[in-house]
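Below: the structure, in structure tokens.
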Amino acid sequence: MPIQKIETDVLVIGGGGAGFRAAIAARERGVRALLVSKGPLARCGASPMAGADFTLDGASMNGLGRDGDTNDSMDKCFNDIVTQGWFLNNQKLVRHYVETAPRLLKDLMDYGIDIKLSDQRMIFFSGLHLMDILLKKARSVGVDLLEDVMVLELLRRDGGVTGALCLGIRTGEFIAVSCRAVVMASGGWHKAFWPNTGMRDLSGEGMAMAQRAGATLGNMEFITFCCNIMYEPPMWRGSLAPYMLGLIAGGRLCNRKGEEFLKQYDPSVVKTGTSTEWNKSFISMASMKEVRAGNGFENGGVHFDRGEVSWDLMKMIATFIFPDWKYKAIDLSEWGRMLEAGEPIEVGPAVEYFDGGIIVNDRFESGVPGLYAAGECCLGAFGSNRVFSAITEMLVQGLTAGENAAAFAGGSAQVAPDASLVNALVHAAEAPLAGKGNISPARARRIIQERAHAQLGPVRNGNELSDFIAFLERVRANELGSLTAASPGRIYNKEWIDALELGNMVQLLEVSARCALARTESRGVHFREDCPVTDNDAWLKESTATIGDGGFDIGSRAATVTSMSPPGGKVPYLDMMKRMMESHSDTGGKH
Ligand SMILES: Cc1cc2nc3c(=O)[nH]c(=O)nc-3n(C[C@H](O)[C@H](O)[C@H](O)COP(=O)(O)OP(=O)(O)OC[C@H]3O[C@@H](n4cnc5c(N)ncnc54)[C@H](O)[C@@H]3O)c2cc1C
């Protein structure tokens with residue numbers, strides 16, 4: 001089959017908020033920009049799933065004519081992000097976030113964003129609406145767009161990135177893109193876990209191929225699990241609805257013995273840890289501990305019901321958040337009946353956000369010439385715990401990465417794809433169609449996903465992490481080469497795509513588990529029951545992972561500190577959590 005060839009200046013991999021913002025910025029700098037999205041345009045990745053909130057300091061919001069808190073400041077936001085990240089943040093990226101966010105809000109207002117609600121330092125709109133606005137803007141400035149196209153590998157010459165090999169999911173055709181710079185904006189790798197919060201296209205190829213191209217991944221052990229995700233029935237599985245209702249209206253969590261297990265924790269931690277975004281780390285950890293102690297239910301979750309909250313109040317809030325009991329195309333009216341009757345549903349943690357990723361500097365350069373990264377696929381501003389807005393982060397990073405990639409592209413040569421390298425990659429990618437192996441990609445994936453949730457979930461320990469790494473090594477040695485799609489058809493062959501994704505997920509899981517094993521402390525969303533202390537003397541460091549001759553090289557580097565000095569000493573995990581919660585400034589609403 002002939003390989004299609006496309007030429008551009010800046011190739012953007014990923015059609016979420018980071019990718020669109022990068023492509024718009026590059027195009028506005030006068031270069032050609034091609035955005036390649038694995039899923040349908042503006043309807044894939046995490047961005048359309050978000051609430052979504054855009055968070056910046058209230059004084060800047062006020063300056064833009066919104067209801068911001070004038071006592072707020074960029075410095076207060078900076079301090080809040082760093083303390084809530086447990087001081088593991090790259091403070092240069094935090095400064096970039098707080099200083100760039102006002103410009104982004106102005107851009108969004110100029111693009112015509114429909115703001116639903118304003119708070120002290122936040123505005124709210126829906127992720128779907130944001131993506132529609134960005135798609136419209138991208139079209140108006142002339143970004144070239146490809147949807148349902150999966151990037152398989154970066155192409156390089158002399159160490160620098162010169163293009164990428166892609167597969168058209170709907171056509172089964174290969175496309176070789178030649179470019180002068182790449183912005184990686186491929187989001188997270190949710191699909192490596194089961195349960196997850198519903199993403200089908202986020203399987204981590206971007207991070208994995210960047211690492212194979214020579215980039216360093218950092219802080220890969222930090223994975224945010226959203227709490228109170230629906231586990232049952234299957235048609236609701238992965239929905240965030242109880243998380244949102246619990247955050248705003250309250251409710252009760254019970255274990256199998258009928259105990260309200262959060263009551264065993266410090267009341268002030270419970271208060272902040274149930275009514276703000278701290279709930280993700282706190283409740284996910286507490287729920288998982290119950291399940292691991294044998295106090296969970298059939299599907300590995302706990303029970304959520306309305307507890308002491310009156311039905312009138314709960315109904316009023318629920319129908320405000322989920323008008324007509326509909327949320328993201330799911331009909332929740334039966335859950336409404338259950339809430340009224342006081343019946344519980346089974347909920348638990350599910351993977352939602354990846355705090356680590358491709359290490360970048362504050363120009364969003366990865367260290368591989370010509371390769372930039374932005375959004376959730378890069379190691380961003382939030383350190384070991386994100387309670388600020390990832391939506392804002394993806395947009396500020398996309399803007400700067402796109403501008404810098406355009407400048408780089410202006411000064412570099414166009415290199416035609418190396419035909420022999422492309423042919424070798426095509427040959428490898430077609431292997432699952434050749435019918436030589438006997439392992440079903442979908443079945444292998446489910447086993448891996450469930451183990452990832454159990455052994456690399458919100459509660460970890462050294463023995464289980466070692467066991468998981470050994471399991472992944474066996475998968476790599478014995479199974480990945482035998483993945484076979486049941487049908488050899490090329491057009492929209494889901495099993496073929498599953499097989500191509502799986503090696504990338506196994507790579508990232510192994511890196512993450514190795515970093516989690518190396519980090520012998522608990523911090524932010526990384527909780528080790530065998531090391532339940534935050535060790536500020538030994539572990540104010542980012543973990544790093546590259547690919548060396550003998551496999552993965554796991555190391556560390558000091559966290560980037562500019563103006564806010566971290567604390568010292570070893571502090572029990574929950575005491576440190578309480579200290580970080582109490583360090584928050586007097587503004588900021590739910591954050
Ligand atoms: C359910 C849910 C709700 C959330 N709610 C909020 C919220 O309310 N507020 C908030 O601040 N944050 C929220 N987040 C987090 C936030 O949405 C994400 O961090 C953010 O949208 C990431 O944007 P992104 O552009 O980096 O990646 P994404 O939006 O995930 O986009 C990644 C893109 O890369 C593409 N891609 C992946 N691999 C390839 C490949 N191989 N080839 C080509 N394309 C590829 C995908 O198809 C997709 O288009 C939520 C996350 C989830 C999962």
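In the structure tokens, chains take the letters A, B, ... in the order shown, each chain's residues start at 1, and ligands count up from 1 in the order shown.
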DSSP-assigned alpha helix (DSSP H) members of segment 209-438 of chain A, reported as a count of residues only: 89
Backbone-only DSSP, strand (DSSP E or B) members of segment 462-575 of chain A, as a list in words: Leu483, Arg523, His526, Arg528, Val533, Thr534, Asp535, Lys541, Glu542, Ser543, Thr544, Ala545, Thr546, Ile547, Gly548, Gly551, Phe552, Asp553, Ile554, Gly555, Ser556, Arg557, Ala558, Lys570, Val571 and Pro572 of chain A
Export N, CA, C and O atoms of the chosen residues as a compact mmCIF listing (two decimals), in the first residue's frame?
```txt
# COMPACT_ATOMS: atom_id res chain seq x y z
N LEU A 483 0.58 -10.32 19.92
CA LEU A 483 -0.76 -9.72 19.84
C LEU A 483 -1.27 -9.83 18.41
O LEU A 483 -0.55 -9.51 17.46
N ARG A 523 3.82 11.33 49.26
CA ARG A 523 3.72 12.78 48.98
C ARG A 523 2.61 12.98 47.97
O ARG A 523 2.55 12.26 46.95
N HIS A 526 0.87 10.26 45.72
CA HIS A 526 1.64 9.00 45.83
C HIS A 526 1.67 8.59 47.30
O HIS A 526 2.38 9.18 48.11
N ARG A 528 2.37 5.51 49.92
CA ARG A 528 2.95 4.18 50.13
C ARG A 528 2.65 3.75 51.55
O ARG A 528 3.14 4.38 52.50
N VAL A 533 5.47 8.39 55.31
CA VAL A 533 6.04 9.65 55.80
C VAL A 533 6.46 10.49 54.60
O VAL A 533 6.99 9.95 53.62
N THR A 534 6.22 11.80 54.67
CA THR A 534 6.74 12.71 53.64
C THR A 534 8.15 13.09 54.04
O THR A 534 8.36 13.67 55.10
N ASP A 535 9.10 12.73 53.19
CA ASP A 535 10.51 12.90 53.55
C ASP A 535 11.08 14.10 52.80
O ASP A 535 11.59 13.99 51.69
N LYS A 541 12.66 15.89 45.34
CA LYS A 541 13.30 15.65 44.05
C LYS A 541 12.27 15.12 43.06
O LYS A 541 11.34 14.40 43.46
N GLU A 542 12.45 15.46 41.80
CA GLU A 542 11.62 14.85 40.74
C GLU A 542 12.26 13.54 40.35
O GLU A 542 13.49 13.48 40.20
N SER A 543 11.47 12.52 40.16
CA SER A 543 12.06 11.30 39.61
C SER A 543 12.18 11.47 38.10
O SER A 543 11.40 12.20 37.47
N THR A 544 13.17 10.81 37.52
CA THR A 544 13.41 10.92 36.07
C THR A 544 13.52 9.53 35.47
O THR A 544 13.95 8.58 36.15
N ALA A 545 13.13 9.40 34.21
CA ALA A 545 13.22 8.08 33.55
C ALA A 545 13.57 8.27 32.08
O ALA A 545 12.85 8.97 31.34
N THR A 546 14.68 7.66 31.69
CA THR A 546 15.06 7.66 30.27
C THR A 546 15.23 6.20 29.84
O THR A 546 15.21 5.29 30.67
N ILE A 547 15.40 6.01 28.54
CA ILE A 547 15.67 4.65 28.06
C ILE A 547 17.16 4.54 27.79
O ILE A 547 17.73 5.33 27.02
N GLY A 548 17.80 3.61 28.48
CA GLY A 548 19.24 3.39 28.28
C GLY A 548 19.47 2.09 27.55
O GLY A 548 18.53 1.41 27.13
N GLY A 551 17.77 -0.93 29.34
CA GLY A 551 16.37 -0.78 29.80
C GLY A 551 16.15 0.63 30.32
O GLY A 551 16.78 1.58 29.85
N PHE A 552 15.26 0.75 31.30
CA PHE A 552 14.95 2.09 31.81
C PHE A 552 16.00 2.54 32.82
O PHE A 552 16.39 1.76 33.68
N ASP A 553 16.43 3.80 32.70
CA ASP A 553 17.32 4.39 33.71
C ASP A 553 16.47 5.30 34.59
O ASP A 553 15.96 6.33 34.14
N ILE A 554 16.30 4.90 35.84
CA ILE A 554 15.49 5.69 36.77
C ILE A 554 16.44 6.50 37.65
O ILE A 554 17.38 5.95 38.23
N GLY A 555 16.21 7.81 37.72
CA GLY A 555 17.07 8.66 38.53
C GLY A 555 16.24 9.76 39.18
O GLY A 555 15.03 9.61 39.36
N SER A 556 16.89 10.86 39.52
CA SER A 556 16.15 11.96 40.13
C SER A 556 16.92 13.26 39.91
O SER A 556 18.11 13.23 39.58
N ARG A 557 16.23 14.37 40.06
CA ARG A 557 16.89 15.68 40.01
C ARG A 557 16.15 16.60 40.98
O ARG A 557 14.95 16.40 41.26
N ALA A 558 16.86 17.61 41.50
CA ALA A 558 16.24 18.50 42.50
C ALA A 558 15.04 19.22 41.89
O ALA A 558 15.06 19.57 40.70
N LYS A 570 11.08 15.06 58.22
CA LYS A 570 10.19 13.96 57.86
C LYS A 570 8.88 14.15 58.62
O LYS A 570 8.90 14.30 59.84
N VAL A 571 7.77 14.12 57.91
CA VAL A 571 6.47 14.41 58.53
C VAL A 571 5.50 13.29 58.15
O VAL A 571 5.41 12.93 56.97
N PRO A 572 4.75 12.72 59.13
CA PRO A 572 3.74 11.72 58.76
C PRO A 572 2.82 12.26 57.66
O PRO A 572 2.44 13.43 57.68
```
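Atom CA of Cys377 of chain A is positioned 10.5 Å from atom CA of Gly218 of chain A.
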Contacts of Glu473 of chain A at 9 Å (only C-alpha atoms; same-chain gap of 5+ positions) as a ChimeraX atom specification: /A:468,478,506,510
Could you save the residues just selected, with C-alpha atoms, as a short mmCIF file (atom, residue, chain, number, x, y, z; two decimals), in the first residue's frame?
```cif
data_model
loop_
_atom_site.label_atom_id
_atom_site.label_comp_id
_atom_site.auth_asym_id
_atom_site.auth_seq_id
_atom_site.Cartn_x
_atom_site.Cartn_y
_atom_site.Cartn_z
CA PHE A 468 3.78 -5.58 39.14
CA ASN A 478 6.13 -13.08 26.10
CA VAL A 506 3.14 -1.23 29.17
CA GLU A 510 6.65 0.06 33.94
#
```
Spatial neighbours of Thr83 of chain A, 12 Å, only C-alpha atoms, chain gap at least 5 places, as a count of residues only: 32
Environment of ligand 1 within 7 Å, counting only C-alpha atoms and all ligand atoms, reported as a VMD selection string: chain A and resid 13 to 19 36 to 39 44 to 54 149 to 152 185 to 188 197 to 199 201 to 206 240 352 to 353 374 to 377 388 to 392 394
Output N, CA and C atoms for every residue in that selection, as a compact mmCIF listing (two decimals), in the first residue's frame.
```txt
# COMPACT_ATOMS: atom_id res chain seq x y z
N ILE A 13 0.68 17.16 17.79
CA ILE A 13 0.12 15.82 17.99
C ILE A 13 -0.86 15.90 19.16
N GLY A 14 -2.15 15.85 18.85
CA GLY A 14 -3.16 15.90 19.91
C GLY A 14 -4.17 17.00 19.65
N GLY A 15 -5.45 16.63 19.77
CA GLY A 15 -6.53 17.58 19.49
C GLY A 15 -7.33 17.92 20.73
N GLY A 16 -6.65 18.05 21.88
CA GLY A 16 -7.30 18.59 23.07
C GLY A 16 -7.01 20.09 23.14
N GLY A 17 -7.25 20.68 24.32
CA GLY A 17 -7.05 22.12 24.47
C GLY A 17 -5.61 22.53 24.23
N ALA A 18 -4.65 21.74 24.72
CA ALA A 18 -3.24 22.11 24.55
C ALA A 18 -2.87 22.10 23.08
N GLY A 19 -3.31 21.07 22.37
CA GLY A 19 -2.97 20.95 20.95
C GLY A 19 -3.58 22.09 20.14
N VAL A 36 -2.89 16.87 14.32
CA VAL A 36 -3.33 15.50 14.09
C VAL A 36 -3.98 14.98 15.36
N SER A 37 -5.22 14.55 15.25
CA SER A 37 -5.97 14.09 16.42
C SER A 37 -6.38 12.63 16.25
N LYS A 38 -6.13 11.85 17.27
CA LYS A 38 -6.46 10.42 17.19
C LYS A 38 -7.98 10.20 17.15
N GLY A 39 -8.69 11.09 17.80
CA GLY A 39 -10.15 10.96 17.83
C GLY A 39 -10.81 12.04 16.99
N CYS A 44 -12.65 14.48 21.58
CA CYS A 44 -11.84 13.37 22.07
C CYS A 44 -10.89 13.88 23.13
N GLY A 45 -10.21 12.97 23.79
CA GLY A 45 -9.31 13.37 24.86
C GLY A 45 -10.09 13.79 26.10
N ALA A 46 -9.39 14.34 27.06
CA ALA A 46 -10.02 14.73 28.33
C ALA A 46 -10.71 16.09 28.25
N SER A 47 -10.21 16.96 27.35
CA SER A 47 -10.69 18.35 27.38
C SER A 47 -12.21 18.49 27.28
N PRO A 48 -12.89 17.79 26.37
CA PRO A 48 -14.35 17.97 26.31
C PRO A 48 -15.07 17.39 27.53
N MET A 49 -14.40 16.51 28.28
CA MET A 49 -15.04 15.89 29.45
C MET A 49 -15.06 16.82 30.66
N ALA A 50 -14.23 17.87 30.61
CA ALA A 50 -14.04 18.70 31.80
C ALA A 50 -15.26 19.56 32.08
N GLY A 51 -15.32 20.00 33.35
CA GLY A 51 -16.42 20.82 33.88
C GLY A 51 -16.74 22.07 33.09
N ALA A 52 -15.90 23.00 32.92
CA ALA A 52 -14.47 23.13 33.17
C ALA A 52 -14.22 24.48 33.83
N ASP A 53 -13.17 24.58 34.58
CA ASP A 53 -12.88 25.85 35.22
C ASP A 53 -11.56 26.42 34.70
N PHE A 54 -11.52 27.75 34.63
CA PHE A 54 -10.29 28.45 34.26
C PHE A 54 -9.92 29.28 35.47
N VAL A 149 -6.69 10.04 13.20
CA VAL A 149 -5.35 9.65 12.72
C VAL A 149 -4.45 9.49 13.95
N MET A 150 -3.82 8.32 14.05
CA MET A 150 -3.00 8.00 15.23
C MET A 150 -1.52 8.14 14.85
N VAL A 151 -0.81 8.95 15.63
CA VAL A 151 0.64 9.04 15.39
C VAL A 151 1.29 7.84 16.06
N LEU A 152 2.14 7.14 15.30
CA LEU A 152 2.75 5.91 15.83
C LEU A 152 4.17 6.14 16.34
N ALA A 185 1.13 17.04 22.34
CA ALA A 185 0.03 17.50 23.19
C ALA A 185 -0.98 16.36 23.29
N SER A 186 -0.46 15.17 23.59
CA SER A 186 -1.25 13.95 23.45
C SER A 186 -1.96 13.53 24.74
N GLY A 187 -1.96 14.39 25.77
CA GLY A 187 -2.73 14.10 26.97
C GLY A 187 -2.19 12.95 27.80
N GLY A 188 -3.07 12.35 28.60
CA GLY A 188 -2.66 11.32 29.56
C GLY A 188 -2.73 9.92 29.00
N THR A 197 -11.83 7.08 33.89
CA THR A 197 -12.94 8.03 33.79
C THR A 197 -13.44 8.18 32.35
N GLY A 198 -13.24 7.13 31.55
CA GLY A 198 -13.99 7.07 30.29
C GLY A 198 -13.27 7.36 29.00
N MET A 199 -11.96 7.60 29.03
CA MET A 199 -11.29 7.96 27.78
C MET A 199 -10.93 6.73 26.96
N ASP A 201 -9.27 7.13 23.82
CA ASP A 201 -8.14 7.43 22.93
C ASP A 201 -6.85 7.75 23.68
N LEU A 202 -6.90 7.81 25.02
CA LEU A 202 -5.73 8.27 25.76
C LEU A 202 -4.92 7.08 26.27
N SER A 203 -4.00 6.62 25.44
CA SER A 203 -3.23 5.44 25.80
C SER A 203 -1.73 5.71 25.83
N GLY A 204 -1.34 6.97 25.82
CA GLY A 204 0.03 7.34 26.17
C GLY A 204 1.08 7.22 25.07
N GLU A 205 0.66 7.04 23.80
CA GLU A 205 1.69 6.92 22.76
C GLU A 205 2.62 8.14 22.74
N GLY A 206 2.04 9.32 22.96
CA GLY A 206 2.85 10.54 22.85
C GLY A 206 4.01 10.55 23.82
N LEU A 240 -18.43 10.68 36.59
CA LEU A 240 -18.00 11.52 37.71
C LEU A 240 -19.18 12.07 38.51
N GLU A 352 -7.72 9.82 36.70
CA GLU A 352 -8.30 11.01 36.07
C GLU A 352 -7.26 11.95 35.47
N TYR A 353 -6.07 12.02 36.08
CA TYR A 353 -5.10 13.05 35.64
C TYR A 353 -3.70 12.55 35.95
N ALA A 374 3.28 20.10 25.66
CA ALA A 374 2.36 20.98 26.40
C ALA A 374 1.16 20.19 26.89
N GLY A 375 0.55 20.65 27.98
CA GLY A 375 -0.66 20.02 28.50
C GLY A 375 -0.33 18.81 29.36
N GLU A 376 -1.30 17.93 29.45
CA GLU A 376 -1.19 16.84 30.42
C GLU A 376 -0.04 15.87 30.11
N CYS A 377 0.43 15.83 28.87
CA CYS A 377 1.52 14.89 28.55
C CYS A 377 2.86 15.37 29.07
N PHE A 388 -5.32 22.83 41.34
CA PHE A 388 -5.64 23.99 40.50
C PHE A 388 -6.13 23.48 39.14
N SER A 389 -6.32 24.42 38.22
CA SER A 389 -7.01 24.07 36.97
C SER A 389 -6.07 23.52 35.89
N ALA A 390 -6.33 22.28 35.50
CA ALA A 390 -5.57 21.68 34.39
C ALA A 390 -5.99 22.30 33.07
N ILE A 391 -7.20 22.82 33.02
CA ILE A 391 -7.68 23.48 31.79
C ILE A 391 -6.84 24.72 31.52
N THR A 392 -6.61 25.51 32.57
CA THR A 392 -5.77 26.70 32.39
C THR A 392 -4.36 26.27 32.00
N MET A 394 -3.30 23.60 30.45
CA MET A 394 -3.11 23.12 29.06
C MET A 394 -3.10 24.29 28.08
```
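Nearest residue to Val12 of chain A among A:Phe225, A:Trp325, A:Tyr492, A:Tyr372 is A:Tyr372, counting only C-alpha atoms.
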Contacts of segment 297-307 of chain A at 7 Å (only C-alpha atoms; same-chain gap of 6+ positions) as a PyMOL selection string: chain A and resi 231+251-256+287+291+339+342-348
Those same residues - all heavy atoms - I'd like them written as a short mmCIF file (atom, residue, chain, number, x, y, z; two decimals), in the first residue's frame.
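To be explicit, this is the file written out as result_5.cif:
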```cif
data_model
loop_
_atom_site.label_atom_id
_atom_site.label_comp_id
_atom_site.auth_asym_id
_atom_site.auth_seq_id
_atom_site.Cartn_x
_atom_site.Cartn_y
_atom_site.Cartn_z
N TYR A 231 -19.02 2.81 39.93
CA TYR A 231 -18.50 1.50 39.53
C TYR A 231 -19.61 0.61 38.96
O TYR A 231 -19.35 -0.32 38.22
CB TYR A 231 -17.87 0.79 40.73
CG TYR A 231 -16.46 1.18 41.06
CD1 TYR A 231 -15.83 2.27 40.46
CD2 TYR A 231 -15.72 0.45 42.01
CE1 TYR A 231 -14.54 2.62 40.78
CE2 TYR A 231 -14.42 0.79 42.32
CZ TYR A 231 -13.83 1.88 41.70
OH TYR A 231 -12.54 2.22 42.03
N GLY A 251 -22.95 14.15 51.45
CA GLY A 251 -23.38 12.75 51.29
C GLY A 251 -22.53 11.89 52.22
O GLY A 251 -21.76 12.41 53.03
N ARG A 252 -22.69 10.58 52.09
CA ARG A 252 -22.04 9.68 53.06
C ARG A 252 -21.33 8.55 52.32
O ARG A 252 -21.86 8.01 51.34
CB ARG A 252 -23.12 9.10 53.98
CG ARG A 252 -22.60 8.15 55.04
CD ARG A 252 -23.67 7.83 56.01
NE ARG A 252 -24.82 7.17 55.37
CZ ARG A 252 -25.85 6.65 56.04
NH1 ARG A 252 -25.90 6.76 57.36
NH2 ARG A 252 -26.84 6.07 55.39
N LEU A 253 -20.16 8.17 52.83
CA LEU A 253 -19.44 7.01 52.30
C LEU A 253 -19.38 5.96 53.40
O LEU A 253 -19.01 6.27 54.54
CB LEU A 253 -18.01 7.40 51.90
CG LEU A 253 -17.87 8.24 50.63
CD1 LEU A 253 -16.43 8.74 50.49
CD2 LEU A 253 -18.28 7.44 49.40
N CYS A 254 -19.75 4.72 53.07
CA CYS A 254 -19.72 3.63 54.06
C CYS A 254 -18.97 2.43 53.50
O CYS A 254 -19.00 2.19 52.30
CB CYS A 254 -21.14 3.17 54.41
SG CYS A 254 -22.03 4.38 55.37
N ASN A 255 -18.37 1.67 54.41
CA ASN A 255 -17.75 0.42 53.99
C ASN A 255 -18.75 -0.73 54.15
O ASN A 255 -19.91 -0.53 54.52
CB ASN A 255 -16.44 0.17 54.75
CG ASN A 255 -16.67 -0.02 56.24
OD1 ASN A 255 -17.79 -0.31 56.68
ND2 ASN A 255 -15.62 0.14 57.02
N ARG A 256 -18.28 -1.94 53.88
CA ARG A 256 -19.14 -3.13 53.93
C ARG A 256 -19.77 -3.36 55.30
O ARG A 256 -20.84 -3.93 55.43
CB ARG A 256 -18.27 -4.34 53.54
CG ARG A 256 -19.03 -5.56 53.25
CD ARG A 256 -18.14 -6.72 52.85
NE ARG A 256 -18.99 -7.68 52.21
CZ ARG A 256 -19.20 -7.74 50.90
NH1 ARG A 256 -18.56 -6.94 50.11
NH2 ARG A 256 -20.04 -8.63 50.40
N SER A 287 -10.66 5.40 50.66
CA SER A 287 -11.55 4.37 50.12
C SER A 287 -10.75 3.11 49.77
O SER A 287 -11.16 1.99 50.04
CB SER A 287 -12.25 4.85 48.84
OG SER A 287 -12.93 6.03 49.04
N VAL A 291 -11.01 -0.93 50.97
CA VAL A 291 -11.16 -2.07 50.05
C VAL A 291 -10.03 -3.07 50.29
O VAL A 291 -10.25 -4.29 50.36
CB VAL A 291 -11.16 -1.56 48.59
CG1 VAL A 291 -11.17 -2.72 47.61
CG2 VAL A 291 -12.38 -0.65 48.36
N LEU A 339 -31.30 7.81 45.24
CA LEU A 339 -30.91 8.83 46.23
C LEU A 339 -32.10 9.20 47.11
O LEU A 339 -31.98 9.32 48.34
CB LEU A 339 -30.39 10.08 45.52
CG LEU A 339 -28.95 10.05 45.02
CD1 LEU A 339 -28.68 11.24 44.11
CD2 LEU A 339 -27.94 10.04 46.17
N GLY A 342 -32.81 6.68 49.64
CA GLY A 342 -31.70 6.43 50.58
C GLY A 342 -30.89 5.20 50.22
O GLY A 342 -30.14 4.67 51.04
N GLU A 343 -31.02 4.71 48.97
CA GLU A 343 -30.26 3.52 48.56
C GLU A 343 -28.86 3.93 48.11
O GLU A 343 -28.69 4.95 47.44
CB GLU A 343 -30.96 2.81 47.38
CG GLU A 343 -32.28 2.18 47.76
CD GLU A 343 -33.04 1.70 46.51
OE1 GLU A 343 -32.40 1.46 45.47
OE2 GLU A 343 -34.28 1.60 46.60
N PRO A 344 -27.85 3.10 48.41
CA PRO A 344 -26.48 3.45 48.02
C PRO A 344 -26.14 3.02 46.60
O PRO A 344 -26.79 2.13 46.04
CB PRO A 344 -25.64 2.65 49.02
CG PRO A 344 -26.47 1.44 49.32
CD PRO A 344 -27.91 1.85 49.21
N ILE A 345 -25.11 3.64 46.04
CA ILE A 345 -24.48 3.13 44.82
C ILE A 345 -23.01 2.85 45.14
O ILE A 345 -22.45 3.44 46.06
CB ILE A 345 -24.55 4.10 43.62
CG1 ILE A 345 -24.06 5.49 44.04
CG2 ILE A 345 -25.90 4.14 42.99
CD1 ILE A 345 -23.62 6.30 42.86
N GLU A 346 -22.43 1.94 44.33
CA GLU A 346 -21.02 1.61 44.57
C GLU A 346 -20.12 2.57 43.79
O GLU A 346 -20.29 2.77 42.58
CB GLU A 346 -20.74 0.16 44.16
CG GLU A 346 -19.39 -0.30 44.66
CD GLU A 346 -19.13 -1.78 44.39
OE1 GLU A 346 -20.08 -2.54 44.14
OE2 GLU A 346 -17.93 -2.15 44.42
N VAL A 347 -19.19 3.17 44.51
CA VAL A 347 -18.27 4.15 43.91
C VAL A 347 -16.84 3.83 44.35
O VAL A 347 -16.62 3.09 45.31
CB VAL A 347 -18.60 5.59 44.35
CG1 VAL A 347 -19.99 6.01 43.92
CG2 VAL A 347 -18.43 5.76 45.87
N GLY A 348 -15.89 4.43 43.68
CA GLY A 348 -14.49 4.26 44.09
C GLY A 348 -13.58 5.12 43.25
O GLY A 348 -14.04 5.86 42.36
#
```
